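**Q** Mind looking over this structure? Questions follow.
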Protein chains: 2
Amino acid sequence: MSKKDIIVQKFGGTSVATPERIKNVAKKVSACKRKGYDVVVVVSALGETTDELIKLADQIDTDPSEREMDMLLSTGEQISVALLAMALHKIGEEAISFTGAQVGIMTDTSHTKARILDISTERIKKELGKGKIVIVAGFQGISLHHEITTLGRGGSDMTAVALAKVLKAKMCEIYTDVKGIYTADPRIVGNARKLDTICYDEMLELASLGAQVMQARSMEVASKFNVPIHVRSSFSDDNGTIIGKEDKKMEEVLVRGVTVNKGEARVIVSGVPDKPGEASRLFEYLAKENINVDMIIQNKSTSGTTDITFTAPESSLARTQKVVDKASKEMGSAEVKYDKDIAKLSVVGIGMRSHAGVAAKMFKCLASKKINIEMISTSEIKISCVIKRKDADEAVKALHKAFGLDKVR
Amino acid sequence: MSKKDIIVQKFGGTSVATPERIKNVAKKVSACKRKGYDVVVVVSALGETTDELIKLADQIDTDPSEREMDMLLSTGEQISVALLAMALHKIGEEAISFTGAQVGIMTDTSHTKARILDISTERIKKELGKGKIVIVAGFQGISLHHEITTLGRGGSDMTAVALAKVLKAKMCEIYTDVKGIYTADPRIVGNARKLDTICYDEMLELASLGAQVMQARSMEVASKFNVPIHVRSSFSDDNGTIIGKEDKKMEEVLVRGVTVNKGEARVIVSGVPDKPGEASRLFEYLAKENINVDMIIQNKSTSGTTDITFTAPESSLARTQKVVDKASKEMGSAEVKYDKDIAKLSVVGIGMRSHAGVAAKMFKCLASKKINIEMISTSEIKISCVIKRKDADEAVKALHKAFGLDKVR
């Protein structure tokens with residue numbers, strides 16, 4: 001048994017998209033090993049492999065069996081781990097690759113969106129004990145019925161966090177194509193700053209708000225088991241952003257970041273009879289179709305009917321329309337309107353909990369820029385507004401400045 | 001437990017190269033099932049997938065670990081089985097795909113060229129019993145150490161034959177891109193005839209002589225366990241060629257086929273000291289490098305030295321040269337010459353056993369065309385000659401005619 005501290009490193013698809021990049025990843029892994037750590041590496045499928053496999057399946061059956069889909073998609077990560085092992089051997093490191101099944105990542109039987117139940121650490125620890133770097137295929141596991149399963153989009157993050165948890169890793173490093181978590185998207189806000197630290201709850205809001213750095217579900221697990229995460233660039237040696245428990249210092253800051261999501265569309269169902277169960281029927285249908293409904297607003301009206309408004313990913317708008325039109329007919333609604341011309345703007349920060357006036361400051365700032373707010377939704381540490389898509393970039397810049405995020409603290 | 005007869009069907013890479021072809025394969029499999037058989041399907045990797053994966057590995061390490069190579073290459077067949085299962089579902093058949101490991105194809109631990117030790121039929125029989133078509137990834141297995149292994153080039157044939165054996169299949173159908181076994185290559189000899197039947201020994205000689213229809217090792221196993229084989233086209237419904245035990249009728253025919261192999265090169269090592277062990281050293285080195293040496297001729301000379309001549313695949317000539325030059329230096333040989341301008345011409349037929357004069361007829365035929373014979377090698381049911389490559393096609397045509405292979409019997 002090795003007594004060294006364990007580091008889990010996860011590399012996403014863009015980090016291993018080409019043989020050259022795989023060699024670059026090998027160097028990073030080797031450097032970590034040379035610092036005296038035991039290293040466990042989790043890898044995603046090469047570049048666009050997963051999308052290409054989905055396209056291939058789609059040419060055969062647009063609604064393929066989920067078991068067979070998992071059989072198909074799990075090959076992507078298996079290719080990556082083998083190639084990374086070769087690249088590590090080439091630079092003189094001892095390394096061994098494993099599929100999710102081989103390393104005992106046990107999941108439930110929900111194909112294409114399985115949840116990890118348990119991980120047997122025996123084989124990993126044995127190989128670490130021999131001084132080897134262990135490479136594990138992300139995104140996949142084996143079900144109680146001995147079937148290959150996959151964990152859904154972003155599932156490699158979950159593999160890394162779960163491994164870090166069971167191995168009691170000192171750190172779970174998530175390598176990606178950005179340098180860390182920023183106060184805003186640097187492509188929109190020129191003087192956005194990289195955050196040195198952020199707490200789980202904030203990151204969770206950012207992940208589900210479309211920051212697209214880490215899978216939301218894996219953040220929940222990291223938070224629950226207090227797994228320290230380091231989000232950093234695979235193309236640089238600079239430190240990124242550490243995600244951990246909240247501390248006093250964090251609470252002094254009102255807002256930690258501003259995000260914008262331009263990938264949603266709004267659906268307005270008006271004239272819905274104001275009876276119990278009508279809304280639930282609509283959202284049941286949407287859930288059955290796996291449509292990710294985000295903000296929901298319902299206003300009581302005086303005429304015995306009500307309006308229901310919600311947002312959903314624009315990419316699933318075609319499916320959404322089908323479901324909503326059906327439900328709307330059944331409910332006898334007056335009208336359904338679809339609106340793609342929206343953006344969701346959010347400010348996030350655990351400091352909000354103890355400070356009043358954040359919402360007021362946000363609305364005032366938007367008003368000063370003559371930007372109209374069309375929907376509002378809040379959580380304990382987040383305020384989101386729906387605005388016109390054309391106003392999105394200006395709004396982010398204005399809020400970034402208004403909350404002083406451009407100033408180094 | 002199903003009481004139906006079992007048919008094993010094997011489809012090669014070209015048969016599943018595109019989604020359209022996979023759908024075509026599904027139709028063939030379904031048709032067999034509808035005839036009342038239990039069907040087990042073995043599939044190779046899609047088209048050029050295996051070569052593409054090898055190229056990818058080569059960009060990382062030109063001499064990769066064999067364990068990791070198997071991890072990498074086994075993904076090819078896993079993709080195929082999943083897609084074929086989807087295609088069968090799409091046309092209303094119940095089907096389930098398995099990797100070699102899942103279905104218990106146990107092999108030894110020789111990565112990249114593993115041998116099948118045993119197959120556990122339990123899971124296959126269980127699924128057949130439920131009325132399902134069972135799809136098995138060819139070319140792969142799992143070693144005693146629970147590692148993924150592959151069976152070497154053409155290994156899917158071995159998977160099919162081994163499954164047909166343990167399942168006591170009524171027939172093992174090998175689907176390929178030719179219509180069966182011909183008396184000669186139809187691209188060279190216009191009036192070459194498809195053979196209705198051929199015996200194992202003949203097919204074995206043809207397979208190892210470069211007929212490239214079936215892997216030689218799988219033919220040995222089929223012969224040993226008397227597994228009936230049907231080689232046929234995946235693009236037609238016509239019967240192909242049945243490979244089985246020899247019968248009286250076959251023995252009446254002198255020669256069953258003429259083959260030519262233009263993919264070999266010749267190596268002449270001259271002035272080798274005529275001492276015990278010199279030749280063995282050379283061939284030991286070649287074996288260690290996995291170079292497939294074919295014909296070997298050694299002439300005793302009077303001057304205390306000897307010449308050793310052998311043929312090997314032209315594709316491994318670079319590696320062969322390296323090995324031979326090293327051995328030649330150690331042996332103190334006078335000279336080494338390499339010659340790519342050769343072709344190996346063979347006539348095969350179990351009728352030869354009981355008939356004399358086949359060699360004489362072959363040599364006379366070639367002489368009449370003024371084609372010079374440079375090397376000769378014979379087995380009980382085969383005669384091979386090395387000639388100049390430019391004469392190859394003419395020689396095949398002449399022999400085909402001389403032995404009356406163009407006439408229907």
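By order of appearance in the structure tokens: chains A, B, ..., then residues from 1 within every chain, and ligands from 1 in the order shown.
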Skipping near chain neighbours, those fewer than 2 positions away, what residues fall within 12 Å of range 355-363 of chain B using only C-alpha atoms, listed as a PyMOL selection string?
**A** chain B and resi 251-256+258+345-353+365-387+395-396+398-404
**Q** Would you output that residue set with C-alpha atoms, as a compact mmCIF listing (two decimals), in the first residue's frame?
**A**
```txt
# COMPACT_ATOMS: atom_id res chain seq x y z
CA GLU B 251 -10.56 -36.86 -54.51
CA GLU B 252 -11.39 -37.50 -58.13
CA VAL B 253 -10.34 -33.96 -58.95
CA LEU B 254 -6.60 -33.48 -59.33
CA VAL B 255 -6.34 -29.75 -58.65
CA ARG B 256 -9.04 -27.63 -57.02
CA VAL B 258 -4.64 -22.05 -58.50
CA LEU B 345 2.21 -19.58 -57.64
CA SER B 346 0.46 -22.59 -56.14
CA VAL B 347 -1.84 -25.41 -57.19
CA VAL B 348 -3.88 -27.10 -54.45
CA GLY B 349 -6.00 -30.25 -54.38
CA ILE B 350 -6.43 -33.29 -52.17
CA GLY B 351 -6.61 -35.35 -55.40
CA MET B 352 -2.83 -34.94 -55.69
CA ARG B 353 -2.37 -37.41 -52.86
CA CYS B 365 2.87 -25.89 -68.49
CA LEU B 366 5.07 -23.07 -67.18
CA ALA B 367 7.94 -24.11 -69.45
CA SER B 368 5.63 -24.00 -72.46
CA LYS B 369 5.01 -20.32 -71.62
CA LYS B 370 8.78 -19.77 -71.15
CA ILE B 371 8.23 -18.91 -67.48
CA ASN B 372 11.27 -19.63 -65.34
CA ILE B 373 10.81 -21.38 -61.95
CA GLU B 374 13.11 -19.93 -59.27
CA MET B 375 12.06 -21.85 -56.13
CA ILE B 376 9.86 -24.88 -55.51
CA SER B 377 8.15 -26.05 -52.33
CA THR B 378 5.59 -28.82 -51.91
CA SER B 379 3.22 -30.30 -49.35
CA GLU B 380 1.02 -33.36 -49.62
CA ILE B 381 -1.76 -31.45 -51.38
CA LYS B 382 0.05 -28.38 -52.75
CA ILE B 383 2.85 -27.40 -55.10
CA SER B 384 4.23 -23.84 -54.98
CA CYS B 385 6.69 -22.18 -57.35
CA VAL B 386 8.36 -18.80 -57.12
CA ILE B 387 8.45 -17.00 -60.47
CA ALA B 395 1.04 -18.32 -65.30
CA VAL B 396 -2.24 -18.47 -63.33
CA ALA B 398 -2.15 -21.10 -68.16
CA LEU B 399 -2.34 -23.42 -65.13
CA HIS B 400 -6.09 -22.84 -64.71
CA LYS B 401 -6.54 -24.05 -68.28
CA ALA B 402 -3.98 -26.84 -68.13
CA PHE B 403 -5.69 -28.45 -65.13
CA GLY B 404 -9.10 -28.04 -66.73
```
**Q** Just want the 10 Å neighbourhood of range 14-19 of chain A, counted on only C-alpha atoms, with same-chain residues fewer than 2 positions away dropped. Output as a ChimeraX atom specification.
**A** /A:10-12,21-26,43-49,80-81,83-84,87,175-177,233-235 /B:56-61
**Q** So that I have them on file, write out the residues from the current selection with C-alpha atoms, as a CSV table (one decimal), in the first residue's frame.
**A**
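part18.csv, freshly written:
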```csv
chain,number,residue,atom,x,y,z
A,10,LYS,CA,-9.5,14.8,-15.0
A,11,PHE,CA,-8.9,15.8,-18.7
A,12,GLY,CA,-11.8,16.7,-20.9
A,21,ARG,CA,-2.5,17.1,-27.0
A,22,ILE,CA,-2.4,13.6,-25.5
A,23,LYS,CA,1.4,13.8,-25.2
A,24,ASN,CA,0.9,17.2,-23.5
A,25,VAL,CA,-1.5,15.6,-21.0
A,26,ALA,CA,1.1,12.9,-20.4
A,43,VAL,CA,-10.1,11.0,-19.3
A,44,SER,CA,-13.0,11.9,-21.6
A,45,ALA,CA,-13.4,10.7,-25.2
A,46,LEU,CA,-11.2,12.4,-27.8
A,47,GLY,CA,-12.5,15.7,-29.1
A,48,GLU,CA,-15.8,15.1,-31.0
A,49,THR,CA,-15.7,11.3,-30.7
A,80,SER,CA,-8.5,7.7,-24.7
A,81,VAL,CA,-7.2,5.8,-21.7
A,83,LEU,CA,-3.7,6.2,-25.9
A,84,LEU,CA,-2.8,8.1,-22.7
A,87,ALA,CA,2.0,8.3,-24.2
A,175,TYR,CA,-8.3,20.3,-16.5
A,176,THR,CA,-10.3,22.3,-19.1
A,177,ASP,CA,-9.8,24.8,-21.9
A,233,SER,CA,-6.1,24.9,-17.8
A,234,SER,CA,-4.6,22.0,-19.6
A,235,PHE,CA,-2.7,24.4,-21.8
B,56,LEU,CA,-3.6,6.9,-33.9
B,57,ALA,CA,-1.4,4.7,-31.6
B,58,ASP,CA,1.5,5.0,-34.0
B,59,GLN,CA,1.4,8.8,-33.7
B,60,ILE,CA,2.0,8.4,-30.0
B,61,ASP,CA,4.3,5.5,-29.7
```
**Q** For Phe98 in chain B, please output as an NGL selection string all residues within 10 Å (counting only C-alpha atoms; exclusion window: fewer than 2 positions along the same chain).
**A** (:A and (68 or 71 or 147-148)) or (:B and (42 or 77-78 or 81-82 or 85 or 96 or 100-104 or 123-124 or 134-138))
**Q** Write out the residues from the selection above, keeping N, CA and C atoms, as a CSV table (one decimal), in the first residue's frame.
**A**
```
chain,number,residue,atom,x,y,z
A,68,GLU,N,-27.7,-0.3,-25.8
A,68,GLU,CA,-26.8,-0.4,-26.9
A,68,GLU,C,-26.1,0.9,-27.1
A,71,MET,N,-23.2,0.8,-24.8
A,71,MET,CA,-22.2,-0.1,-25.4
A,71,MET,C,-21.4,0.7,-26.4
A,147,GLU,N,-23.9,-4.9,-16.9
A,147,GLU,CA,-24.0,-4.2,-18.2
A,147,GLU,C,-23.2,-2.9,-18.2
A,148,ILE,N,-22.7,-2.5,-19.4
A,148,ILE,CA,-21.9,-1.3,-19.4
A,148,ILE,C,-22.9,-0.1,-19.4
B,42,VAL,N,-21.4,-12.8,-35.3
B,42,VAL,CA,-20.0,-12.2,-34.9
B,42,VAL,C,-19.7,-11.1,-35.9
B,77,GLU,N,-14.7,-3.4,-32.5
B,77,GLU,CA,-15.8,-4.4,-32.6
B,77,GLU,C,-16.9,-4.1,-31.7
B,78,GLN,N,-16.6,-3.4,-30.6
B,78,GLN,CA,-17.7,-3.0,-29.7
B,78,GLN,C,-18.6,-2.0,-30.3
B,81,VAL,N,-21.0,-4.1,-32.8
B,81,VAL,CA,-22.0,-4.9,-32.2
B,81,VAL,C,-23.2,-4.0,-31.7
B,82,ALA,N,-22.9,-2.9,-31.2
B,82,ALA,CA,-23.9,-2.0,-30.7
B,82,ALA,C,-24.8,-1.5,-31.9
B,85,ALA,N,-27.0,-4.2,-33.2
B,85,ALA,CA,-28.2,-4.5,-32.4
B,85,ALA,C,-29.2,-3.4,-32.6
B,96,ILE,N,-29.4,-8.6,-28.7
B,96,ILE,CA,-28.5,-8.0,-27.6
B,96,ILE,C,-27.1,-8.2,-28.0
B,100,GLY,N,-16.5,-9.5,-26.1
B,100,GLY,CA,-15.9,-10.8,-25.9
B,100,GLY,C,-15.8,-11.1,-24.4
B,101,ALA,N,-15.5,-10.1,-23.6
B,101,ALA,CA,-15.3,-10.3,-22.2
B,101,ALA,C,-16.7,-10.7,-21.5
B,102,GLN,N,-17.7,-10.0,-21.9
B,102,GLN,CA,-19.1,-10.2,-21.4
B,102,GLN,C,-19.6,-11.6,-21.6
B,103,VAL,N,-19.2,-12.1,-22.8
B,103,VAL,CA,-19.8,-13.4,-23.2
B,103,VAL,C,-18.8,-14.5,-22.8
B,104,GLY,N,-17.7,-14.2,-22.1
B,104,GLY,CA,-16.9,-15.2,-21.5
B,104,GLY,C,-16.0,-15.9,-22.5
B,123,ARG,N,-24.3,-17.4,-20.9
B,123,ARG,CA,-25.0,-16.2,-21.2
B,123,ARG,C,-25.7,-16.2,-22.6
B,124,ILE,N,-24.9,-16.7,-23.6
B,124,ILE,CA,-25.5,-16.8,-24.9
B,124,ILE,C,-26.7,-17.6,-24.9
B,134,VAL,N,-28.2,-13.0,-30.7
B,134,VAL,CA,-27.1,-12.7,-29.8
B,134,VAL,C,-25.9,-12.2,-30.7
B,135,ILE,N,-25.4,-11.0,-30.5
B,135,ILE,CA,-24.4,-10.4,-31.3
B,135,ILE,C,-23.1,-10.3,-30.4
B,136,VAL,N,-22.0,-10.9,-31.0
B,136,VAL,CA,-20.8,-11.0,-30.2
B,136,VAL,C,-19.7,-10.3,-30.9
B,137,ALA,N,-18.9,-9.4,-30.2
B,137,ALA,CA,-17.8,-8.7,-30.8
B,137,ALA,C,-16.7,-9.7,-31.2
B,138,GLY,N,-16.3,-9.8,-32.4
B,138,GLY,CA,-15.3,-10.7,-32.9
B,138,GLY,C,-13.9,-10.2,-32.4
```
**Q** Which value, in Å to one decimal, gives the distance between CA of Lys224 in chain B and CA of Glu289 in chain B?
**A**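 So the answer is 28.6 Å.
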**Q** When distances are computed from only C-alpha atoms, which of A:Gly271, A:Gly92, A:Gly36, A:Gly304 shows the smallest separation from Ile6 in chain A?
**A**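 Between A:Gly271, A:Gly92, A:Gly36, A:Gly304, the residue approaching Ile6 in chain A most closely is A:Gly36.
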**Q** Return the single residue from B:Asp238, B:Asp5, B:Glu173, B:Glu66 that is closest to Leu128 in chain B, with distances computed using only C-alpha atoms.
**A** B:Asp5
**Q** Between CA of Ser208 in chain A and CA of Ser328 in chain A, what is the distance, to one decimal in Å?
**A** 28.0 Å
**Q** From the options B:Glu284, B:Asp108, B:Asp341, B:Asp63, which residue's atoms come nearest to chain A, counting only C-alpha atoms?
**A**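 For chain A, the nearest of the candidates is B:Asp63.
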**Q** List every residue of range 74-202 of chain B that DSSP, applied to the backbone of this structure, places in strand (DSSP E), and write the result as a PyMOL selection string.
**A** chain B and resi 95-98+105-107+116-119+133-137+140-143+148-150+171-176+197-199
